[in-house]
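Visitor: Just so it is clear, I am handing over protein26.pdb, which has PDB, C-alpha atoms.
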```
ATOM      1  CA  MET A   1      52.675   8.779 -53.622
ATOM      2  CA  THR A   2      51.878  11.182 -50.794
ATOM      3  CA  PHE A   3      51.150  14.877 -51.219
ATOM      4  CA  ASP A   4      54.483  15.795 -49.624
ATOM      5  CA  GLU A   5      56.364  13.397 -51.915
ATOM      6  CA  ALA A   6      54.622  14.852 -54.949
ATOM      7  CA  LEU A   7      55.521  18.385 -53.873
ATOM      8  CA  ASP A   8      59.140  17.374 -53.388
ATOM      9  CA  HIS A   9      59.133  16.165 -56.983
ATOM     10  CA  CYS A  10      57.492  19.327 -58.330
ATOM     11  CA  GLY A  11      55.815  22.115 -56.395
ATOM     12  CA  VAL A  12      53.314  22.986 -59.121
ATOM     13  CA  ILE A  13      49.679  21.943 -58.618
ATOM     14  CA  ALA A  14      47.564  21.966 -61.778
ATOM     15  CA  ILE A  15      44.095  23.441 -61.280
ATOM     16  CA  LEU A  16      41.838  22.010 -63.990
ATOM     17  CA  ARG A  17      38.849  24.285 -63.565
ATOM     18  CA  GLY A  18      36.136  23.539 -66.106
ATOM     19  CA  ILE A  19      37.588  20.245 -67.306
ATOM     20  CA  ALA A  20      35.246  17.468 -68.453
ATOM     21  CA  PRO A  21      35.685  13.759 -67.699
ATOM     22  CA  ALA A  22      36.174  12.937 -71.384
ATOM     23  CA  GLU A  23      39.423  14.912 -71.593
ATOM     24  CA  VAL A  24      40.785  14.736 -68.068
ATOM     25  CA  VAL A  25      43.088  11.721 -68.455
ATOM     26  CA  ALA A  26      44.684  13.010 -71.678
ATOM     27  CA  VAL A  27      45.320  16.403 -70.104
ATOM     28  CA  ALA A  28      46.770  14.813 -66.975
ATOM     29  CA  GLU A  29      49.065  12.636 -69.100
ATOM     30  CA  ALA A  30      50.500  15.768 -70.689
ATOM     31  CA  LEU A  31      50.993  17.301 -67.237
ATOM     32  CA  TYR A  32      52.624  14.123 -65.935
ATOM     33  CA  ASP A  33      54.991  13.947 -68.909
ATOM     34  CA  ALA A  34      55.978  17.565 -68.219
ATOM     35  CA  GLY A  35      56.857  16.684 -64.614
ATOM     36  CA  LEU A  36      53.779  17.642 -62.576
ATOM     37  CA  ARG A  37      52.593  15.244 -59.893
ATOM     38  CA  VAL A  38      49.530  16.963 -58.353
ATOM     39  CA  VAL A  39      46.198  17.689 -60.048
ATOM     40  CA  GLU A  40      43.046  19.219 -58.606
ATOM     41  CA  VAL A  41      39.614  19.304 -60.201
ATOM     42  CA  PRO A  42      37.531  22.195 -58.829
ATOM     43  CA  LEU A  43      34.046  21.115 -57.840
ATOM     44  CA  ASN A  44      32.441  23.766 -60.043
ATOM     45  CA  SER A  45      33.668  21.814 -63.088
ATOM     46  CA  PRO A  46      31.373  19.502 -65.103
ATOM     47  CA  ASP A  47      30.871  16.176 -63.267
ATOM     48  CA  PRO A  48      33.969  16.748 -61.105
ATOM     49  CA  PHE A  49      33.805  13.589 -59.017
ATOM     50  CA  LYS A  50      33.783  11.433 -62.148
ATOM     51  CA  SER A  51      36.913  13.238 -63.336
ATOM     52  CA  ILE A  52      38.562  12.743 -59.950
ATOM     53  CA  GLN A  53      37.775   9.038 -59.957
ATOM     54  CA  GLU A  54      39.073   8.657 -63.512
ATOM     55  CA  LEU A  55      42.316  10.363 -62.538
ATOM     56  CA  ALA A  56      42.713   8.365 -59.347
ATOM     57  CA  LYS A  57      42.341   5.137 -61.343
ATOM     58  CA  ALA A  58      44.602   6.136 -64.225
ATOM     59  CA  PHE A  59      47.379   7.613 -62.083
ATOM     60  CA  LYS A  60      47.296   5.429 -58.978
ATOM     61  CA  ASP A  61      50.602   5.827 -57.102
ATOM     62  CA  ARG A  62      51.903   8.158 -59.838
ATOM     63  CA  MET A  63      50.049  11.396 -59.146
ATOM     64  CA  VAL A  64      48.174  12.933 -56.235
ATOM     65  CA  VAL A  65      44.601  13.784 -57.189
ATOM     66  CA  GLY A  66      42.146  15.968 -55.347
ATOM     67  CA  ALA A  67      39.354  18.482 -55.522
ATOM     68  CA  GLY A  68      39.357  22.236 -55.419
ATOM     69  CA  THR A  69      36.609  24.605 -54.283
ATOM     70  CA  VAL A  70      35.705  22.174 -51.489
ATOM     71  CA  LEU A  71      33.188  24.076 -49.353
ATOM     72  CA  SER A  72      31.325  21.541 -47.213
ATOM     73  CA  VAL A  73      31.803  18.360 -45.214
ATOM     74  CA  GLN A  74      29.531  16.666 -47.748
ATOM     75  CA  ASP A  75      32.009  17.600 -50.480
ATOM     76  CA  VAL A  76      34.789  15.999 -48.432
ATOM     77  CA  SER A  77      32.813  12.786 -48.012
ATOM     78  CA  LEU A  78      32.161  12.587 -51.757
ATOM     79  CA  LEU A  79      35.802  13.316 -52.481
ATOM     80  CA  LYS A  80      36.875  10.436 -50.249
ATOM     81  CA  ALA A  81      34.310   8.136 -51.873
ATOM     82  CA  HIS A  82      35.768   8.922 -55.302
ATOM     83  CA  ASP A  83      39.369   8.212 -54.238
ATOM     84  CA  GLY A  84      40.607  11.780 -53.912
ATOM     85  CA  GLN A  85      43.606  12.502 -51.696
ATOM     86  CA  ILE A  86      43.650  16.262 -51.143
ATOM     87  CA  SER A  87      40.865  18.683 -50.259
ATOM     88  CA  ILE A  88      41.608  22.230 -51.445
ATOM     89  CA  SER A  89      39.377  25.157 -50.487
ATOM     90  CA  PRO A  90      39.200  28.901 -51.147
ATOM     91  CA  ASP A  91      38.339  29.478 -47.470
ATOM     92  CA  ALA A  92      39.327  28.042 -44.079
ATOM     93  CA  ASN A  93      36.184  26.340 -42.781
ATOM     94  CA  PRO A  94      37.303  24.444 -39.643
ATOM     95  CA  ASP A  95      34.605  21.790 -40.137
ATOM     96  CA  VAL A  96      35.862  21.049 -43.653
ATOM     97  CA  ILE A  97      39.466  20.894 -42.454
ATOM     98  CA  ALA A  98      38.592  18.573 -39.573
ATOM     99  CA  LYS A  99      36.478  16.308 -41.794
ATOM    100  CA  ALA A 100      39.317  15.977 -44.290
ATOM    101  CA  ARG A 101      41.761  15.040 -41.550
ATOM    102  CA  ALA A 102      39.308  12.572 -40.025
ATOM    103  CA  THR A 103      38.814  10.785 -43.351
ATOM    104  CA  GLY A 104      42.512  10.588 -44.232
ATOM    105  CA  LEU A 105      42.572  13.431 -46.759
ATOM    106  CA  GLU A 106      45.058  16.302 -46.749
ATOM    107  CA  PRO A 107      43.241  19.635 -46.317
ATOM    108  CA  VAL A 108      44.632  22.721 -48.045
ATOM    109  CA  PRO A 109      42.481  25.653 -46.852
ATOM    110  CA  GLY A 110      42.601  29.103 -48.392
ATOM    111  CA  VAL A 111      43.816  31.900 -46.122
ATOM    112  CA  PHE A 112      44.761  35.542 -46.567
ATOM    113  CA  THR A 113      45.641  36.793 -43.074
ATOM    114  CA  PRO A 114      47.703  35.484 -40.134
ATOM    115  CA  THR A 115      44.483  35.122 -38.139
ATOM    116  CA  GLU A 116      42.995  32.853 -40.798
ATOM    117  CA  ALA A 117      46.265  30.953 -41.081
ATOM    118  CA  PHE A 118      46.460  30.193 -37.370
ATOM    119  CA  SER A 119      42.772  29.260 -37.233
ATOM    120  CA  ALA A 120      43.322  26.770 -40.066
ATOM    121  CA  ILE A 121      46.369  25.317 -38.326
ATOM    122  CA  ARG A 122      44.407  24.875 -35.089
ATOM    123  CA  ALA A 123      41.741  22.999 -37.063
ATOM    124  CA  GLY A 124      44.388  20.562 -38.319
ATOM    125  CA  ALA A 125      45.824  22.023 -41.541
ATOM    126  CA  ARG A 126      49.499  21.443 -42.371
ATOM    127  CA  HIS A 127      49.295  23.082 -45.794
ATOM    128  CA  LEU A 128      47.936  26.597 -46.375
ATOM    129  CA  LYS A 129      46.859  28.197 -49.629
ATOM    130  CA  LEU A 130      47.578  31.937 -49.873
ATOM    131  CA  PHE A 131      44.672  33.074 -52.017
ATOM    132  CA  PRO A 132      44.458  35.237 -54.011
ATOM    133  CA  ALA A 133      48.243  35.529 -54.176
ATOM    134  CA  GLU A 134      48.149  38.303 -56.753
ATOM    135  CA  ALA A 135      46.580  40.550 -54.110
ATOM    136  CA  ALA A 136      49.495  39.820 -51.753
ATOM    137  CA  SER A 137      53.250  39.501 -52.398
ATOM    138  CA  PRO A 138      56.247  37.299 -51.594
ATOM    139  CA  ALA A 139      56.818  39.587 -48.604
ATOM    140  CA  THR A 140      53.570  38.186 -47.171
ATOM    141  CA  ILE A 141      55.032  34.674 -47.185
ATOM    142  CA  ARG A 142      58.262  35.899 -45.625
ATOM    143  CA  ALA A 143      56.391  37.581 -42.776
ATOM    144  CA  TRP A 144      54.182  34.547 -42.182
ATOM    145  CA  LYS A 145      57.161  32.192 -42.108
ATOM    146  CA  ALA A 146      58.607  34.196 -39.231
ATOM    147  CA  VAL A 147      55.657  33.375 -36.970
ATOM    148  CA  LEU A 148      54.020  30.181 -38.251
ATOM    149  CA  PRO A 149      55.137  26.736 -37.029
ATOM    150  CA  LYS A 150      58.172  25.555 -38.998
ATOM    151  CA  ASP A 151      56.414  22.490 -40.415
ATOM    152  CA  ILE A 152      53.590  24.468 -42.041
ATOM    153  CA  LYS A 153      53.812  24.672 -45.824
ATOM    154  CA  ILE A 154      52.441  27.622 -47.768
ATOM    155  CA  HIS A 155      51.261  27.541 -51.379
ATOM    156  CA  ALA A 156      50.676  30.632 -53.517
ATOM    157  CA  VAL A 157      47.597  30.485 -55.741
ATOM    158  CA  GLY A 158      46.522  33.172 -58.195
ATOM    159  CA  GLY A 159      48.579  35.135 -60.689
ATOM    160  CA  ILE A 160      51.550  32.757 -60.698
ATOM    161  CA  THR A 161      53.666  32.628 -63.875
ATOM    162  CA  PRO A 162      57.077  31.173 -64.718
ATOM    163  CA  LEU A 163      58.449  34.708 -64.543
ATOM    164  CA  ASN A 164      57.491  35.422 -60.918
ATOM    165  CA  MET A 165      57.983  32.011 -59.322
ATOM    166  CA  ALA A 166      61.562  32.702 -58.222
ATOM    167  CA  ASP A 167      60.523  35.623 -56.004
ATOM    168  CA  TRP A 168      57.895  33.495 -54.263
ATOM    169  CA  ILE A 169      60.255  30.565 -53.797
ATOM    170  CA  GLY A 170      62.915  32.871 -52.395
ATOM    171  CA  ALA A 171      60.410  34.005 -49.765
ATOM    172  CA  GLY A 172      59.759  30.434 -48.636
ATOM    173  CA  THR A 173      56.807  29.316 -50.742
ATOM    174  CA  THR A 174      56.486  25.520 -50.863
ATOM    175  CA  GLY A 175      54.253  25.193 -53.892
ATOM    176  CA  PHE A 176      51.962  26.875 -56.380
ATOM    177  CA  GLY A 177      48.450  26.352 -57.616
ATOM    178  CA  VAL A 178      48.254  27.254 -61.302
ATOM    179  CA  GLY A 179      44.929  27.478 -63.093
ATOM    180  CA  SER A 180      44.162  29.476 -66.220
ATOM    181  CA  ASN A 181      47.844  30.100 -66.972
ATOM    182  CA  LEU A 182      48.141  26.339 -67.434
ATOM    183  CA  TYR A 183      44.713  24.959 -68.336
ATOM    184  CA  LYS A 184      41.444  26.341 -69.650
ATOM    185  CA  PRO A 185      38.648  24.596 -71.565
ATOM    186  CA  GLY A 186      39.423  24.391 -75.254
ATOM    187  CA  LYS A 187      43.198  24.621 -74.873
ATOM    188  CA  SER A 188      45.041  21.921 -76.801
ATOM    189  CA  VAL A 189      46.844  19.127 -74.996
ATOM    190  CA  SER A 190      50.106  20.053 -76.745
ATOM    191  CA  ASP A 191      49.832  23.668 -75.546
ATOM    192  CA  ILE A 192      49.046  22.492 -72.011
ATOM    193  CA  GLY A 193      52.141  20.293 -72.069
ATOM    194  CA  ARG A 194      54.294  23.134 -73.393
ATOM    195  CA  ASP A 195      53.132  25.543 -70.715
ATOM    196  CA  ALA A 196      53.489  22.906 -67.995
ATOM    197  CA  ARG A 197      57.107  22.361 -68.989
ATOM    198  CA  ALA A 198      57.739  26.099 -68.697
ATOM    199  CA  PHE A 199      56.398  26.089 -65.130
ATOM    200  CA  VAL A 200      58.434  23.017 -64.201
ATOM    201  CA  GLU A 201      61.622  24.472 -65.655
ATOM    202  CA  ALA A 202      61.091  27.750 -63.808
ATOM    203  CA  ASN A 203      60.434  25.886 -60.567
ATOM    204  CA  VAL A 204      63.598  23.780 -60.910
ATOM    205  CA  LYS A 205      65.722  26.779 -61.827
ATOM    206  CA  ALA A 206      64.472  28.862 -58.906
ATOM    207  CA  ARG A 207      65.000  26.081 -56.361
ATOM    208  CA  SER A 208      68.523  25.324 -57.596
TER     209      SER A 208
END
```
Since I need it in another form, could you write the structure as structure tokens?
Guide:
Amino acid sequence: MTFDEALDHCGVIAILRGIAPAEVVAVAEALYDAGLRVVEVPLNSPDPFKSIQELAKAFKDRMVVGAGTVLSVQDVSLLKAHDGQISISPDANPDVIAKARATGLEPVPGVFTPTEAFSAIRAGARHLKLFPAEAASPATIRAWKAVLPKDIKIHAVGGITPLNMADWIGAGTTGFGVGSNLYKPGKSVSDIGRDARAFVEANVKARS
């Protein structure tokens, strides 16, 4: 499954910040059952590359697995070595973007201005992460879509809930990164599954 195929299935990306390897597969199973097909493990989580490798093994061809908070080319190399597929960053470091592309990973750099967006595109990014989205608005996406290349996909990350997804989708948002509103350490698997279903239902409703 490619990143684009996974997004076509469901535009919600689960951000599992703080997750430990011992629980990562069970949590991802609940997300998969709810309809999600993309999971990222931020690199400031406990033993993140072990979690990524566990996910890649357990969900081969079923889910797209990657890392978040990717800040260096060394991080990209380790991500590739542990079978990750997507490299998600809070910033738009051109070296990190280029390294991801060169190693067959999909970079998703974080941007907040048109200047940053175009710089990321020139470095090879096809997917952009508007971060933090709660400090912007759907109008930001609408304005960007008027000037960015038509094939560029924009994802809103930060402050996304089932209640505000429709406004973002209406503005042209491709996908969403959802963190603490979906997962946080100590949250039960059943509650994670329940909340994931709410996001999936909101996403489907808004896109229909």
Visitor: Wanna dump the region 71-127 of chain A-region 172-186 of chain A contacts at 12 Å for me, each residue with its shortest atom pair and the distance in Å to one decimal, counting all atoms listed in the file, ordered by chain and number, as a tab-separated table?
Guide:
```
residue	atom	partner	partner_atom	distance
A:Ile88	CA	A:Gly177	CA	10.1
A:Ser89	CA	A:Gly177	CA	11.6
A:Pro90	CA	A:Gly177	CA	11.6
A:Val108	CA	A:Gly177	CA	10.9
A:Gly110	CA	A:Gly177	CA	11.3
A:Arg126	CA	A:Thr174	CA	11.7
A:His127	CA	A:Thr174	CA	9.1
```
Visitor: Measuring between all atoms listed in the file, which one of A:Gly193, A:Pro21, A:Pro138, A:Gly35 shows the shortest distance to Gly170 (chain A)?
Guide: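 Ranked by minimum distance to Gly170 (chain A), first place goes to A:Pro138.
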Visitor: Pull the neighbourhood of (65.6, 24.7, -61.2) for me: all residues within 12 Å in file coordinates, counting only C-alpha atoms, as a PDB file with C-alpha atoms, in the coordinates of the input.
Guide:
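Resulting contents of selection00.pdb:
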```pdb
ATOM      1  CA  HIS A   9      59.133  16.165 -56.983  1.00  0.00           C
ATOM      2  CA  CYS A  10      57.492  19.327 -58.330  1.00  0.00           C
ATOM      3  CA  GLY A  11      55.815  22.115 -56.395  1.00  0.00           C
ATOM      4  CA  PRO A 162      57.077  31.173 -64.718  1.00  0.00           C
ATOM      5  CA  MET A 165      57.983  32.011 -59.322  1.00  0.00           C
ATOM      6  CA  ALA A 166      61.562  32.702 -58.222  1.00  0.00           C
ATOM      7  CA  ILE A 169      60.255  30.565 -53.797  1.00  0.00           C
ATOM      8  CA  ARG A 197      57.107  22.361 -68.989  1.00  0.00           C
ATOM      9  CA  ALA A 198      57.739  26.099 -68.697  1.00  0.00           C
ATOM     10  CA  PHE A 199      56.398  26.089 -65.130  1.00  0.00           C
ATOM     11  CA  VAL A 200      58.434  23.017 -64.201  1.00  0.00           C
ATOM     12  CA  GLU A 201      61.622  24.472 -65.655  1.00  0.00           C
ATOM     13  CA  ALA A 202      61.091  27.750 -63.808  1.00  0.00           C
ATOM     14  CA  ASN A 203      60.434  25.886 -60.567  1.00  0.00           C
ATOM     15  CA  VAL A 204      63.598  23.780 -60.910  1.00  0.00           C
ATOM     16  CA  LYS A 205      65.722  26.779 -61.827  1.00  0.00           C
ATOM     17  CA  ALA A 206      64.472  28.862 -58.906  1.00  0.00           C
ATOM     18  CA  ARG A 207      65.000  26.081 -56.361  1.00  0.00           C
ATOM     19  CA  SER A 208      68.523  25.324 -57.596  1.00  0.00           C
TER      20      SER A 208
END
```
Visitor: Show me, as a list in words, the residues that have an atom within 8 Å of Leu55 (chain A) when counting all atoms listed in the file, minus same-chain residues fewer than 6 positions from it.
Guide: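 Counting only the stated atoms, we get Val24, Val25, Ala28 and Val65 of chain A.
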Visitor: Once you count only C-alpha atoms, which residues end up no further than 10 Å from (37.3, 28.3, -43.0) in the file's frame, shown as an mmCIF file with C-alpha atoms, keeping the file's coordinate frame?
Guide:
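And here's result-v3.cif as it stands now:
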```cif
data_model
loop_
_atom_site.group_PDB
_atom_site.id
_atom_site.type_symbol
_atom_site.label_atom_id
_atom_site.label_comp_id
_atom_site.auth_asym_id
_atom_site.auth_seq_id
_atom_site.Cartn_x
_atom_site.Cartn_y
_atom_site.Cartn_z
ATOM 1 C CA LEU A 71 33.188 24.076 -49.353
ATOM 2 C CA SER A 72 31.325 21.541 -47.213
ATOM 3 C CA SER A 89 39.377 25.157 -50.487
ATOM 4 C CA PRO A 90 39.200 28.901 -51.147
ATOM 5 C CA ASP A 91 38.339 29.478 -47.470
ATOM 6 C CA ALA A 92 39.327 28.042 -44.079
ATOM 7 C CA ASN A 93 36.184 26.340 -42.781
ATOM 8 C CA PRO A 94 37.303 24.444 -39.643
ATOM 9 C CA ASP A 95 34.605 21.790 -40.137
ATOM 10 C CA VAL A 96 35.862 21.049 -43.653
ATOM 11 C CA ILE A 97 39.466 20.894 -42.454
ATOM 12 C CA PRO A 109 42.481 25.653 -46.852
ATOM 13 C CA GLY A 110 42.601 29.103 -48.392
ATOM 14 C CA VAL A 111 43.816 31.900 -46.122
ATOM 15 C CA GLU A 116 42.995 32.853 -40.798
ATOM 16 C CA ALA A 117 46.265 30.953 -41.081
ATOM 17 C CA SER A 119 42.772 29.260 -37.233
ATOM 18 C CA ALA A 120 43.322 26.770 -40.066
ATOM 19 C CA ALA A 123 41.741 22.999 -37.063
#
```
Visitor: Take the PyMOL selection byres ((chain A and resi 140) around 10), apply it to the structure above, and return the hits as a list in words.
Guide: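 Taken over the shown coordinates, the PyMOL selection byres ((chain A and resi 140) around 10) returns Phe112, Thr113, Pro114, Leu130, Ala133, Ala136, Ser137, Pro138, Ala139, Ile141, Arg142, Ala143, Trp144, Lys145, Trp168 and Ala171 of chain A.
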Visitor: When you count all atoms listed in the file, which of these residues is closest to Arg37 (chain A): A:Ala196, A:Leu148, A:Ser51, A:Phe118?
Guide: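 Answer, going by the shortest atom-to-atom distance: A:Ala196.
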Visitor: Which residues match the PyMOL selection byres ((chain A and resi 49) around 10) in the file above, as a list in words?
Guide: Pro21, Val41, Pro42, Leu43, Ser45, Pro46, Asp47, Pro48, Lys50, Ser51, Ile52, Gln53, Glu54, Leu55, Gly66, Ala67, Asp75, Leu78, Leu79, Lys80, Ala81, His82, Asp83 and Gly84 of chain A
Visitor: Using the file's own x, y and z axes, so that the box edges lie along x, y and z, what centre and edge lengths in Å (one decimal) does a box around every listed atom of region 194-205 of chain A get when 5 Å is added on each side? Give it as JSON.
Guide:
```
{"center_x": 59.4, "center_y": 25.1, "center_z": -67.0, "size_x": 22.6, "size_y": 15.4, "size_z": 22.8}
```
Visitor: Which value, in Å to one decimal, gives the distance between CA of Ala20 (chain A) and CA of Lys129 (chain A)?
Guide: 24.6 Å
Visitor: In Å, with one decimal, what is the gap from CA of Ser190 (chain A) to CA of Ser87 (chain A)?
Guide: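 These atoms are spaced 28.1 Å apart.
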Visitor: Put region 101-165 of chain A into a file with C-alpha atoms, as a PDB file, in the first residue's frame.
Guide:
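The resulting selection_35.pdb:
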```pdb
ATOM      1  CA  ARG A 101      13.320  11.122  -1.714  1.00  0.00           C
ATOM      2  CA  ALA A 102      16.716   9.609  -2.498  1.00  0.00           C
ATOM      3  CA  THR A 103      16.060   6.609  -0.246  1.00  0.00           C
ATOM      4  CA  GLY A 104      12.539   5.932  -1.525  1.00  0.00           C
ATOM      5  CA  LEU A 105      10.647   7.449   1.407  1.00  0.00           C
ATOM      6  CA  GLU A 106       7.824   9.971   1.107  1.00  0.00           C
ATOM      7  CA  PRO A 107       8.766  13.239   2.848  1.00  0.00           C
ATOM      8  CA  VAL A 108       6.039  15.264   4.551  1.00  0.00           C
ATOM      9  CA  PRO A 109       7.712  18.499   5.729  1.00  0.00           C
ATOM     10  CA  GLY A 110       6.069  20.978   8.063  1.00  0.00           C
ATOM     11  CA  VAL A 111       5.381  24.425   6.615  1.00  0.00           C
ATOM     12  CA  PHE A 112       3.483  27.510   7.730  1.00  0.00           C
ATOM     13  CA  THR A 113       4.015  30.080   4.964  1.00  0.00           C
ATOM     14  CA  PRO A 114       3.903  30.055   1.144  1.00  0.00           C
ATOM     15  CA  THR A 115       7.658  30.675   1.109  1.00  0.00           C
ATOM     16  CA  GLU A 116       8.274  27.552   3.183  1.00  0.00           C
ATOM     17  CA  ALA A 117       5.806  25.598   1.070  1.00  0.00           C
ATOM     18  CA  PHE A 118       7.512  26.458  -2.207  1.00  0.00           C
ATOM     19  CA  SER A 119      10.961  25.797  -0.737  1.00  0.00           C
ATOM     20  CA  ALA A 120       9.806  22.331   0.349  1.00  0.00           C
ATOM     21  CA  ILE A 121       8.341  21.637  -3.085  1.00  0.00           C
ATOM     22  CA  ARG A 122      11.601  22.663  -4.771  1.00  0.00           C
ATOM     23  CA  ALA A 123      13.443  20.225  -2.492  1.00  0.00           C
ATOM     24  CA  GLY A 124      11.197  17.396  -3.705  1.00  0.00           C
ATOM     25  CA  ALA A 125       8.146  17.320  -1.412  1.00  0.00           C
ATOM     26  CA  ARG A 126       4.760  16.318  -2.851  1.00  0.00           C
ATOM     27  CA  HIS A 127       2.980  16.375   0.507  1.00  0.00           C
ATOM     28  CA  LEU A 128       3.025  19.367   2.871  1.00  0.00           C
ATOM     29  CA  LYS A 129       2.078  19.490   6.531  1.00  0.00           C
ATOM     30  CA  LEU A 130       0.443  22.755   7.638  1.00  0.00           C
ATOM     31  CA  PHE A 131       1.681  22.987  11.209  1.00  0.00           C
ATOM     32  CA  PRO A 132       0.431  24.120  13.629  1.00  0.00           C
ATOM     33  CA  ALA A 133      -2.958  24.185  11.910  1.00  0.00           C
ATOM     34  CA  GLU A 134      -4.724  25.623  14.937  1.00  0.00           C
ATOM     35  CA  ALA A 135      -2.724  28.824  14.441  1.00  0.00           C
ATOM     36  CA  ALA A 136      -3.971  29.051  10.839  1.00  0.00           C
ATOM     37  CA  SER A 137      -7.405  28.361   9.303  1.00  0.00           C
ATOM     38  CA  PRO A 138      -9.071  26.596   6.372  1.00  0.00           C
ATOM     39  CA  ALA A 139      -8.755  29.907   4.516  1.00  0.00           C
ATOM     40  CA  THR A 140      -4.981  29.349   4.581  1.00  0.00           C
ATOM     41  CA  ILE A 141      -5.386  26.108   2.632  1.00  0.00           C
ATOM     42  CA  ARG A 142      -7.742  27.762   0.165  1.00  0.00           C
ATOM     43  CA  ALA A 143      -5.251  30.548  -0.531  1.00  0.00           C
ATOM     44  CA  TRP A 144      -2.351  28.121  -0.904  1.00  0.00           C
ATOM     45  CA  LYS A 145      -4.297  25.913  -3.305  1.00  0.00           C
ATOM     46  CA  ALA A 146      -4.715  28.888  -5.620  1.00  0.00           C
ATOM     47  CA  VAL A 147      -0.958  29.194  -6.160  1.00  0.00           C
ATOM     48  CA  LEU A 148       0.637  25.816  -5.410  1.00  0.00           C
ATOM     49  CA  PRO A 149       1.074  23.166  -8.129  1.00  0.00           C
ATOM     50  CA  LYS A 150      -2.135  21.163  -8.550  1.00  0.00           C
ATOM     51  CA  ASP A 151      -0.528  17.849  -7.585  1.00  0.00           C
ATOM     52  CA  ILE A 152       0.670  19.059  -4.175  1.00  0.00           C
ATOM     53  CA  LYS A 153      -1.290  17.649  -1.248  1.00  0.00           C
ATOM     54  CA  ILE A 154      -1.717  19.556   1.999  1.00  0.00           C
ATOM     55  CA  HIS A 155      -2.329  18.008   5.415  1.00  0.00           C
ATOM     56  CA  ALA A 156      -3.552  19.935   8.458  1.00  0.00           C
ATOM     57  CA  VAL A 157      -1.890  18.975  11.739  1.00  0.00           C
ATOM     58  CA  GLY A 158      -2.739  20.420  15.143  1.00  0.00           C
ATOM     59  CA  GLY A 159      -6.112  21.083  16.718  1.00  0.00           C
ATOM     60  CA  ILE A 160      -8.084  18.820  14.379  1.00  0.00           C
ATOM     61  CA  THR A 161     -11.311  17.297  15.741  1.00  0.00           C
ATOM     62  CA  PRO A 162     -14.263  15.504  14.148  1.00  0.00           C
ATOM     63  CA  LEU A 163     -16.218  18.737  14.520  1.00  0.00           C
ATOM     64  CA  ASN A 164     -13.922  20.939  12.411  1.00  0.00           C
ATOM     65  CA  MET A 165     -12.788  18.497   9.732  1.00  0.00           C
TER      66      MET A 165
END
```
